[in-house]
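**Q** So here's entry_39.txt, just compact mmCIF, C-alpha atoms:
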```
# COMPACT_ATOMS: atom_id res chain seq x y z
CA MET N 1 -46.38 33.89 46.82
CA SER N 2 -45.21 36.78 44.62
CA ALA N 3 -43.89 36.10 41.14
CA PRO N 4 -40.10 36.33 40.70
CA ARG N 5 -38.86 39.65 39.40
CA ALA N 6 -37.92 39.61 35.72
CA ARG N 7 -34.14 39.68 35.17
CA VAL N 8 -32.88 42.75 33.32
CA VAL N 9 -30.97 41.81 30.17
CA ARG N 10 -27.95 44.12 30.01
CA ARG N 11 -26.57 45.50 26.75
CA PRO N 12 -23.60 47.61 25.61
CA VAL N 13 -24.45 51.31 25.95
CA HIS N 14 -21.88 54.05 25.20
CA GLY N 15 -22.21 57.74 25.96
CA VAL N 16 -22.83 60.40 28.61
CA LEU N 17 -26.12 61.11 30.35
CA LEU N 18 -26.51 64.50 32.02
CA LEU N 19 -28.66 63.80 35.07
CA ASP N 20 -30.26 66.38 37.34
CA LYS N 21 -29.76 64.46 40.58
CA PRO N 22 -32.65 64.79 43.04
CA ARG N 23 -32.21 65.66 46.70
CA GLY N 24 -31.95 62.72 49.08
CA LEU N 25 -30.48 60.29 46.56
CA SER N 26 -26.79 59.36 46.68
CA SER N 27 -24.78 59.70 43.49
CA ASN N 28 -24.31 55.93 43.33
CA ASP N 29 -28.03 55.28 43.80
CA ALA N 30 -28.77 57.73 40.97
CA LEU N 31 -26.20 55.99 38.79
CA GLN N 32 -27.63 52.53 39.48
CA LYS N 33 -31.16 53.74 38.72
CA ALA N 34 -30.11 55.23 35.35
CA LYS N 35 -28.03 52.14 34.57
CA TRP N 36 -31.08 49.93 35.20
CA LEU N 37 -33.34 52.13 33.04
CA LEU N 38 -30.85 51.99 30.15
CA ARG N 39 -30.06 48.30 30.75
CA ALA N 40 -26.39 49.27 30.46
CA GLU N 41 -23.59 46.80 31.08
CA LYS N 42 -21.05 49.29 32.42
CA ALA N 43 -21.48 52.68 34.09
CA GLY N 44 -19.72 55.22 36.30
CA HIS N 45 -19.96 58.87 37.33
CA THR N 46 -17.57 61.82 37.29
CA GLY N 47 -17.45 62.56 41.01
CA THR N 48 -20.07 62.44 43.74
CA LEU N 49 -22.68 64.93 44.87
CA ASP N 50 -23.84 64.90 48.50
CA PRO N 51 -27.32 63.37 49.05
CA LEU N 52 -28.42 66.87 50.17
CA ALA N 53 -27.31 68.35 46.84
CA THR N 54 -29.16 68.42 43.54
CA GLY N 55 -28.02 69.26 40.03
CA VAL N 56 -25.57 68.26 37.34
CA LEU N 57 -24.29 64.70 37.63
CA PRO N 58 -22.72 63.43 34.38
CA LEU N 59 -23.12 59.65 34.15
CA CYS N 60 -20.78 57.68 31.88
CA PHE N 61 -21.68 54.47 30.11
CA GLY N 62 -19.50 51.95 28.32
CA ALA N 63 -16.51 53.54 26.57
CA ALA N 64 -17.23 56.87 28.26
CA THR N 65 -16.12 55.40 31.61
CA LYS N 66 -12.55 55.42 30.26
CA PHE N 67 -12.61 59.24 30.40
CA SER N 68 -14.79 59.90 33.45
CA GLN N 69 -11.74 60.69 35.60
CA LEU N 70 -11.03 63.76 33.45
CA HIS N 71 -14.06 65.56 34.87
CA LEU N 72 -12.90 65.21 38.46
CA ASP N 73 -10.54 68.07 37.52
CA ALA N 74 -13.24 70.26 35.93
CA ASP N 75 -14.34 73.59 37.38
CA LYS N 76 -17.82 73.48 38.89
CA ALA N 77 -20.57 76.00 39.68
CA TYR N 78 -23.05 75.94 42.56
CA ASP N 79 -25.98 77.80 44.06
CA ALA N 80 -26.24 77.46 47.84
CA VAL N 81 -28.05 78.77 50.90
CA ALA N 82 -26.30 78.97 54.28
CA VAL N 83 -28.37 79.39 57.46
CA LEU N 84 -26.50 81.92 59.59
CA GLY N 85 -26.01 81.56 63.35
CA VAL N 86 -26.27 77.75 63.48
CA LYS N 87 -23.38 75.27 63.15
CA THR N 88 -23.91 71.53 62.65
CA THR N 89 -21.73 68.44 62.88
CA THR N 90 -21.76 67.93 59.10
CA GLY N 91 -21.84 71.52 57.89
CA ASP N 92 -25.29 70.98 56.39
CA ALA N 93 -28.90 70.37 57.43
CA GLU N 94 -28.28 66.61 57.82
CA GLY N 95 -26.14 67.08 60.93
CA ASP N 96 -26.84 67.78 64.60
CA VAL N 97 -26.72 71.36 65.88
CA ILE N 98 -23.50 71.94 67.82
CA ALA N 99 -23.53 75.73 68.28
CA GLU N 100 -25.90 78.68 67.97
CA ARG N 101 -24.84 82.35 67.94
CA PRO N 102 -26.67 85.60 67.29
CA VAL N 103 -26.38 86.98 63.76
CA PRO N 104 -24.91 90.49 63.76
CA ALA N 105 -26.15 93.31 61.55
CA ILE N 106 -24.32 93.00 58.25
CA THR N 107 -23.78 96.03 56.05
CA PRO N 108 -23.42 96.01 52.24
CA ALA N 109 -19.81 97.09 52.72
CA GLN N 110 -19.13 94.05 54.94
CA LEU N 111 -20.74 91.77 52.38
CA HIS N 112 -18.61 93.28 49.61
CA ASP N 113 -15.47 92.78 51.72
CA LEU N 114 -16.48 89.16 52.40
CA GLN N 115 -16.90 88.56 48.68
CA ARG N 116 -13.46 90.03 47.97
CA ARG N 117 -11.78 87.97 50.73
CA PHE N 118 -13.21 84.67 49.48
CA THR N 119 -12.64 85.20 45.75
CA GLY N 120 -9.42 83.85 44.26
CA PRO N 121 -6.98 81.34 45.78
CA ILE N 122 -7.95 80.27 49.32
CA ARG N 123 -7.11 77.41 51.70
CA GLN N 124 -9.73 74.99 52.95
CA LEU N 125 -9.63 72.37 55.68
CA PRO N 126 -11.46 69.29 54.31
CA PRO N 127 -14.54 68.43 56.40
CA MET N 128 -14.61 65.28 58.49
CA HIS N 129 -17.85 64.29 56.79
CA SER N 130 -16.28 63.76 53.35
CA ALA N 131 -15.06 60.89 51.19
CA LEU N 132 -11.44 62.09 51.32
CA LYS N 133 -9.26 59.25 52.57
CA LYS N 134 -6.69 59.13 55.36
CA ASP N 135 -4.69 55.95 55.95
CA GLY N 136 -6.96 54.13 53.48
CA LYS N 137 -10.19 55.06 55.24
CA ALA N 138 -12.74 57.73 54.27
CA LEU N 139 -12.93 60.68 56.68
CA TYR N 140 -16.67 60.16 57.16
CA GLU N 141 -15.93 56.71 58.62
CA TYR N 142 -13.82 58.32 61.36
CA ALA N 143 -16.54 60.96 61.89
CA ARG N 144 -19.26 58.33 62.29
CA ALA N 145 -17.09 56.63 64.93
CA GLY N 146 -16.83 59.93 66.83
CA GLN N 147 -13.19 60.46 65.88
CA GLU N 148 -11.63 63.63 64.51
CA VAL N 149 -8.33 63.15 62.67
CA GLU N 150 -5.75 65.64 61.54
CA ARG N 151 -6.22 66.97 57.99
CA GLU N 152 -4.02 69.11 55.82
CA PRO N 153 -5.49 72.34 54.41
CA ARG N 154 -5.90 72.32 50.63
CA ASP N 155 -5.34 75.07 48.10
CA VAL N 156 -8.45 75.74 45.99
CA THR N 157 -9.64 78.65 43.85
CA ILE N 158 -12.96 80.48 43.98
CA HIS N 159 -13.15 81.89 40.45
CA ALA N 160 -16.36 83.87 41.06
CA LEU N 161 -18.56 84.47 44.10
CA GLU N 162 -21.86 86.30 44.48
CA LEU N 163 -23.42 86.89 47.92
CA ALA N 164 -26.86 88.08 49.03
CA LEU N 165 -28.47 88.26 52.47
CA GLY N 166 -32.01 86.99 52.96
CA GLU N 167 -34.44 85.27 55.29
CA GLU N 168 -36.03 81.81 55.21
CA GLY N 169 -38.33 80.32 57.81
CA GLY N 170 -37.55 83.12 60.24
CA CYS N 171 -33.79 82.54 59.94
CA ALA N 172 -31.18 84.85 58.45
CA VAL N 173 -29.54 83.21 55.44
CA LEU N 174 -26.70 83.92 53.08
CA ARG N 175 -27.45 82.95 49.49
CA PHE N 176 -24.41 82.50 47.32
CA SER N 177 -23.36 81.39 43.85
CA ALA N 178 -19.82 80.18 43.29
CA ARG N 179 -17.70 78.94 40.41
CA VAL N 180 -14.84 76.92 41.88
CA SER N 181 -11.84 74.76 41.10
CA LYS N 182 -11.67 71.01 41.67
CA GLY N 183 -11.51 69.89 45.27
CA THR N 184 -13.54 72.80 46.66
CA TYR N 185 -16.00 71.86 49.42
CA ILE N 186 -19.06 74.11 49.24
CA ARG N 187 -20.18 73.04 52.72
CA THR N 188 -16.83 74.24 54.04
CA LEU N 189 -17.11 77.45 52.05
CA GLY N 190 -20.53 78.09 53.63
CA GLU N 191 -19.15 77.39 57.11
CA ASP N 192 -16.13 79.65 56.53
CA LEU N 193 -18.33 82.50 55.27
CA GLY N 194 -20.43 82.17 58.43
CA GLU N 195 -17.33 82.22 60.65
CA ALA N 196 -16.03 85.30 58.84
CA LEU N 197 -19.35 87.00 59.68
CA GLY N 198 -18.86 86.05 63.34
CA CYS N 199 -21.90 83.77 63.71
CA GLY N 200 -21.18 80.46 61.98
CA ALA N 201 -23.42 78.78 59.39
CA HIS N 202 -24.52 75.53 57.79
CA LEU N 203 -25.87 74.73 54.33
CA SER N 204 -29.59 74.14 53.92
CA PHE N 205 -29.57 74.04 50.12
CA LEU N 206 -26.96 73.07 47.51
CA ARG N 207 -27.40 72.79 43.76
CA ARG N 208 -24.65 72.14 41.22
CA THR N 209 -25.48 74.22 38.16
CA ALA N 210 -22.49 73.29 35.98
CA THR N 211 -19.48 71.00 35.77
CA GLY N 212 -16.95 71.69 33.04
CA PRO N 213 -18.95 72.36 29.84
CA PHE N 214 -22.12 70.69 31.16
CA ASP N 215 -24.97 72.92 32.35
CA VAL N 216 -28.01 72.00 34.43
CA ALA N 217 -30.27 73.38 31.67
CA ASN N 218 -29.25 70.39 29.54
CA CYS N 219 -29.91 67.75 32.22
CA THR N 220 -32.79 65.33 32.52
CA SER N 221 -34.43 63.95 35.65
CA ILE N 222 -34.94 60.40 36.87
CA GLU N 223 -38.72 60.92 36.57
CA ALA N 224 -38.38 62.04 32.94
CA LEU N 225 -36.23 58.99 32.13
CA GLU N 226 -38.78 56.67 33.72
CA ALA N 227 -41.52 58.14 31.50
CA MET N 228 -39.52 57.52 28.29
CA ASP N 229 -39.34 54.40 26.18
CA GLU N 230 -35.95 52.79 25.57
CA ASP N 231 -35.23 54.59 22.28
CA GLU N 232 -35.98 57.95 23.89
CA ARG N 233 -33.63 57.16 26.77
CA LEU N 234 -30.82 56.24 24.38
CA ALA N 235 -31.44 59.48 22.48
CA MET N 236 -30.62 61.42 25.67
CA LEU N 237 -27.02 60.17 25.60
CA LEU N 238 -24.27 62.52 24.46
CA PRO N 239 -21.43 60.92 22.45
CA VAL N 240 -18.34 59.75 24.33
CA GLU N 241 -16.28 62.65 22.92
CA ALA N 242 -18.51 65.10 24.84
CA LEU N 243 -16.15 64.39 27.75
CA LEU N 244 -13.20 65.63 25.69
CA ALA N 245 -14.33 69.19 25.00
CA GLY N 246 -10.98 70.61 26.14
CA HIS N 247 -8.93 68.31 23.90
CA ALA N 248 -7.49 69.37 20.55
CA PRO N 249 -8.87 67.15 17.75
CA VAL N 250 -6.51 65.05 15.61
CA THR N 251 -7.82 62.99 12.68
CA LEU N 252 -5.99 59.94 11.32
CA GLY N 253 -6.36 58.07 8.04
CA PRO N 254 -7.24 54.35 8.05
CA ASP N 255 -3.66 52.99 8.24
CA ASP N 256 -2.51 55.38 10.98
CA ALA N 257 -5.79 54.89 12.86
CA GLY N 258 -5.28 51.14 12.99
CA ARG N 259 -1.70 51.48 14.22
CA PHE N 260 -2.69 54.09 16.78
CA LEU N 261 -5.36 51.70 18.14
CA SER N 262 -2.60 49.12 18.54
CA GLY N 263 -0.75 51.55 20.83
CA LEU N 264 1.83 52.70 18.26
CA ARG N 265 3.03 56.29 18.05
CA ARG N 266 2.37 58.18 14.84
CA ARG N 267 4.39 61.02 13.32
CA GLY N 268 2.83 64.14 11.80
CA ALA N 269 3.00 67.92 11.54
CA TRP N 270 1.13 68.52 14.79
CA PRO N 271 2.11 71.16 17.35
CA ASP N 272 3.00 69.98 20.85
CA THR N 273 -0.28 69.46 22.70
CA THR N 274 -0.84 67.97 26.14
CA ALA N 275 -4.34 66.65 25.43
CA VAL N 276 -5.73 65.52 22.08
CA ALA N 277 -8.85 63.61 21.05
CA VAL N 278 -8.00 61.27 18.20
CA PHE N 279 -10.53 60.37 15.50
CA GLY N 280 -10.49 58.00 12.55
CA THR N 281 -11.92 58.88 9.13
CA GLN N 282 -13.12 55.51 7.78
CA PRO N 283 -15.44 55.24 9.56
CA SER N 284 -15.47 58.57 11.40
CA THR N 285 -15.30 57.78 15.11
CA LEU N 286 -13.41 58.50 18.29
CA LEU N 287 -10.35 56.29 18.77
CA GLY N 288 -9.06 57.62 22.08
CA THR N 289 -6.87 60.29 23.62
CA GLY N 290 -3.18 61.07 23.58
CA HIS N 291 -0.68 63.90 23.48
CA VAL N 292 1.71 65.30 20.91
CA LYS N 293 5.41 65.87 21.63
CA ALA N 294 8.09 66.70 19.05
CA GLY N 295 5.86 65.68 16.14
CA GLU N 296 4.85 62.35 17.69
CA LEU N 297 1.27 61.47 18.57
CA ILE N 298 1.56 59.34 21.70
CA PRO N 299 -1.45 57.17 22.64
CA GLY N 300 -3.17 57.62 25.99
CA ARG N 301 -6.54 56.00 26.72
CA LEU N 302 -7.82 54.01 23.76
CA LEU N 303 -11.20 52.61 22.84
CA SER N 304 -11.22 48.91 22.05
CA PRO N 305 -12.21 47.69 18.56
CA ILE N 306 -15.31 46.16 20.19
CA ASP N 307 -16.25 49.54 21.70
CA ILE N 308 -15.90 51.20 18.31
CA GLN N 309 -17.88 48.48 16.56
CA GLN N 310 -20.71 48.81 19.07
CA ILE N 311 -20.73 52.62 18.87
CA LEU N 312 -20.97 52.47 15.10
CA GLY N 313 -23.71 49.87 15.35
CA SER N 314 -21.86 47.68 12.84
CA GLN N 315 -21.20 43.98 13.00
CA GLU N 316 -18.15 44.28 10.81
CA PRO N 317 -14.94 43.91 12.80
CA VAL N 318 -12.58 46.84 13.28
CA THR N 319 -9.02 45.69 12.61
CA PRO N 320 -6.39 47.38 14.75
```
For the file at hand, write its structure as structure tokens.
**A**
Amino acid sequence: MSAPRARVVRRPVHGVLLLDKPRGLSSNDALQKAKWLLRAEKAGHTGTLDPLATGVLPLCFGAATKFSQLHLDADKAYDAVAVLGVKTTTGDAEGDVIAERPVPAITPAQLHDLQRRFTGPIRQLPPMHSALKKDGKALYEYARAGQEVEREPRDVTIHALELALGEEGGCAVLRFSARVSKGTYIRTLGEDLGEALGCGAHLSFLRRTATGPFDVANCTSIEALEAMDEDERLAMLLPVEALLAGHAPVTLGPDDAGRFLSGLRRRGAWPDTTAVAVFGTQPSTLLGTGHVKAGELIPGRLLSPIDIQQILGSQEPVTP
């Protein structure tokens, strides 16, 4: 009889881990693995990556989970490969082949025109194999049941697009790099590029190279985390305020900081600002977010005194 598995003792962990998600692992599985390695009490991510995809997956721990939603709105960058002439049920290599067409000769001029047509604001029809919900149910649940439901096209923006023709495994492929707005489906973009070329396509490779200010060059892998000791893993965490790179900083003195943490508005000579990151001075630490209107700093999402105490590593209570 095998010995019982030792129970992991959880602990408060606060910060952001930039993970290079491996292919074949769901975003939630990657999150749970990192959470277990850090022995963290609370964790979440900033939006899912398909199991097929690799690349930047910011994972939030503790107080950082309060701000994870902000990065759902961040621009993202991807490298992808679309196999031309073959359509699948899912728009990627995980699906069944549903159509095959010959790939026409494509000139540099046609490729340049394709790039121009798909750069800027475009409309996309969300794929059936996606987590987008209709009537409280994810679209992929309908798809798995063999149902196709009506979807509304969505407005998205392709900020930059680079295209190159190539060949892999005897198949013609279109390699592309794209920087896109929130809500853009890269599988759909690959399919639409293939349709525009008259042959259809599906993705065989997808890698997210950036999300907001976070770049894949700064990510770590699951394997690297496993090889570290606990102190090294904790050292990989970015501070909670790394999620607030687009926020204007506001610093409050001890009295105003305490009142702000209690949810009270503060007055000051600040310009109107829709998003601010608020810090205290004694001790210096993030207090939360807010916005400024007509000289008033209005609280948004706030850290708890316990969060702040744990982040500072102090046992002394923080009085709101």
**Q** Find the residues with any atom within 9 Å of (-18.4, 57.3, 23.5); use only C-alpha atoms and the coordinates as given in the file, and write the answer as a ChimeraX atom specification.
**A** /N:13-16,60-65,238-243,285-286,303,307-308,311
**Q** Might you pull out every residue within 9 Å of N:Lys293, with all atoms listed in the file counted and same-chain residues fewer than 6 positions away left off, and present them as an MDAnalysis selection string?
**A** chainID N and resid 270:274
**Q** Can you tell me which residues surround stretch 69-81 of chain N at a distance of at most 7 Å, considering all atoms listed in the file, apart from same-chain residues fewer than 5 positions away, and format the answer as a list of chain:residue names?
**A**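 The neighbour list is N:Thr46, N:Gly47, N:Val173, N:Leu174, N:Arg175, N:Phe176, N:Ser177, N:Ala178, N:Arg179, N:Val180, N:Ser181, N:Lys182, N:Leu203, N:Ser204, N:Phe205, N:Leu206, N:Arg207, N:Arg208, N:Thr209, N:Ala210, N:Thr211, N:Gly212.
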**Q** Between N:Phe67, N:Glu152, N:Cys219, N:Leu31, which has the minimum distance to N:Leu244 (counting all atoms listed in the file)?
**A**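 Ranking N:Phe67, N:Glu152, N:Cys219, N:Leu31 by distance to N:Leu244, first place goes to N:Phe67.
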**Q** Which residues come within 9 Å of N:Ala30, counting all atoms listed in the file, excluding same-chain residues fewer than 6 positions away, as a PyMOL selection string?
**A** chain N and resi 19+21-22+57+222
**Q** Considering only C-alpha atoms, can you say which of N:Leu234, N:Ser284, N:Ala160, N:Glu226 comes closest to N:Gly253?
**A**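 Of all the options, N:Ser284 lies closest to N:Gly253.
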**Q** Could you give me the centre and size, in Å to one decimal, of an axis-aligned box around all listed atoms of stretch 24-30 of chain N with 4 Å added on every side, as AutoDock Vina command-line options?
**A**
```
--center_x -28.1 --center_y 59.0 --center_z 45.0 --size_x 15.6 --size_y 15.4 --size_z 16.1
```
**Q** State, in Å with one decimal place, the distance from atom CA of N:Arg233 to atom CA of N:Val8.
**A** 15.8 Å
**Q** Rounded to one decimal in Å, what is the spacing between atom CA of N:Ala257 and atom CA of N:Glu296?
**A**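 These atoms are spaced 13.9 Å apart.
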**Q** What is the atom CA of N:His291 to atom CA of N:Leu264 distance in Å?
**A**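 Calculated distance between atom CA of N:His291 and atom CA of N:Leu264 is 12.6 Å.
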**Q** Between N:His159, N:Arg259, N:Arg117, N:Arg23, which is the closest to N:Glu94 once you count only C-alpha atoms?
**A** N:Arg23
**Q** Compile the contact shell of N:Val156 as a PyMOL selection string: residues with an atom at most 10 Å away, counting all atoms listed in the file, same-chain residues fewer than 4 positions apart removed.
**A** chain N and resi 120-124+180-185
**Q** Got a sec: who's within 6 Å of N:Pro51, counting all atoms listed in the file, leaving out chain neighbours fewer than 6 positions off, as a ChimeraX atom specification?
**A** /N:23-26
**Q** Rank N:Gly313, N:Pro153, N:Gly295, N:Gly263 by their smallest atom-to-atom distance to N:Pro283, using all atoms listed in the file, and report the top residue only.
**A** N:Gly313
**Q** Of the residues N:Thr188, N:Thr220, N:Thr281, N:Gln309, which is the one nearest to N:Thr90, using all atoms listed in the file?
**A**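 Under the stated criterion, the closest residue is N:Thr188.
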**Q** May I have the protein, DNA and RNA residues with any atom at most 8 Å from the point (-8.5, 60.3, 23.3), counting only C-alpha atoms, written as a list in words?
**A**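 The residues that fall inside the cut-off are Leu244, Ala275, Val276, Ala277, Val278, Leu286, Leu287, Gly288, Thr289, Gly290, Pro299, Gly300, Arg301 and Leu302 of chain N.
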**Q** Please determine, counting only C-alpha atoms, which residue among N:Ala34, N:Cys171, N:Ala53, N:Cys199 has the shortest atom-to-atom distance to N:Leu225.
**A**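 So, comparing all the options, the nearest one is N:Ala34.
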**Q** Because some atoms of stretch 7-18 of chain N are absent here, can you restore N, CA and C atoms and send them as a PDB file, in the frame of the given file?
**A**
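Written output follows (part.pdb):
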```
ATOM      1  N   ARG N   7     -35.557  39.315  35.214  1.00  0.00           N
ATOM      2  CA  ARG N   7     -34.140  39.680  35.170  1.00  0.00           C
ATOM      3  C   ARG N   7     -33.909  40.667  34.019  1.00  0.00           C
ATOM      4  N   VAL N   8     -33.192  41.747  34.329  1.00  0.00           N
ATOM      5  CA  VAL N   8     -32.880  42.750  33.320  1.00  0.00           C
ATOM      6  C   VAL N   8     -31.767  42.236  32.420  1.00  0.00           C
ATOM      7  N   VAL N   9     -31.988  42.236  31.118  1.00  0.00           N
ATOM      8  CA  VAL N   9     -30.970  41.810  30.170  1.00  0.00           C
ATOM      9  C   VAL N   9     -30.107  43.026  29.820  1.00  0.00           C
ATOM     10  N   ARG N  10     -28.853  42.999  30.242  1.00  0.00           N
ATOM     11  CA  ARG N  10     -27.950  44.120  30.010  1.00  0.00           C
ATOM     12  C   ARG N  10     -27.501  44.161  28.554  1.00  0.00           C
ATOM     13  N   ARG N  11     -27.038  45.326  28.123  1.00  0.00           N
ATOM     14  CA  ARG N  11     -26.570  45.500  26.750  1.00  0.00           C
ATOM     15  C   ARG N  11     -25.477  46.556  26.733  1.00  0.00           C
ATOM     16  N   PRO N  12     -24.635  46.568  25.701  1.00  0.00           N
ATOM     17  CA  PRO N  12     -23.600  47.610  25.610  1.00  0.00           C
ATOM     18  C   PRO N  12     -24.239  48.965  25.295  1.00  0.00           C
ATOM     19  N   VAL N  13     -23.973  49.940  26.136  1.00  0.00           N
ATOM     20  CA  VAL N  13     -24.450  51.310  25.950  1.00  0.00           C
ATOM     21  C   VAL N  13     -23.232  52.225  26.106  1.00  0.00           C
ATOM     22  N   HIS N  14     -23.044  53.156  25.170  1.00  0.00           N
ATOM     23  CA  HIS N  14     -21.880  54.050  25.200  1.00  0.00           C
ATOM     24  C   HIS N  14     -22.343  55.503  25.113  1.00  0.00           C
ATOM     25  N   GLY N  15     -21.865  56.328  26.027  1.00  0.00           N
ATOM     26  CA  GLY N  15     -22.210  57.740  25.960  1.00  0.00           C
ATOM     27  C   GLY N  15     -22.294  58.366  27.335  1.00  0.00           C
ATOM     28  N   VAL N  16     -22.766  59.608  27.373  1.00  0.00           N
ATOM     29  CA  VAL N  16     -22.830  60.400  28.610  1.00  0.00           C
ATOM     30  C   VAL N  16     -24.262  60.885  28.812  1.00  0.00           C
ATOM     31  N   LEU N  17     -24.794  60.623  29.992  1.00  0.00           N
ATOM     32  CA  LEU N  17     -26.120  61.110  30.350  1.00  0.00           C
ATOM     33  C   LEU N  17     -25.975  62.220  31.376  1.00  0.00           C
ATOM     34  N   LEU N  18     -26.536  63.386  31.077  1.00  0.00           N
ATOM     35  CA  LEU N  18     -26.510  64.500  32.020  1.00  0.00           C
ATOM     36  C   LEU N  18     -27.755  64.411  32.896  1.00  0.00           C
TER      37      LEU N  18
END
```
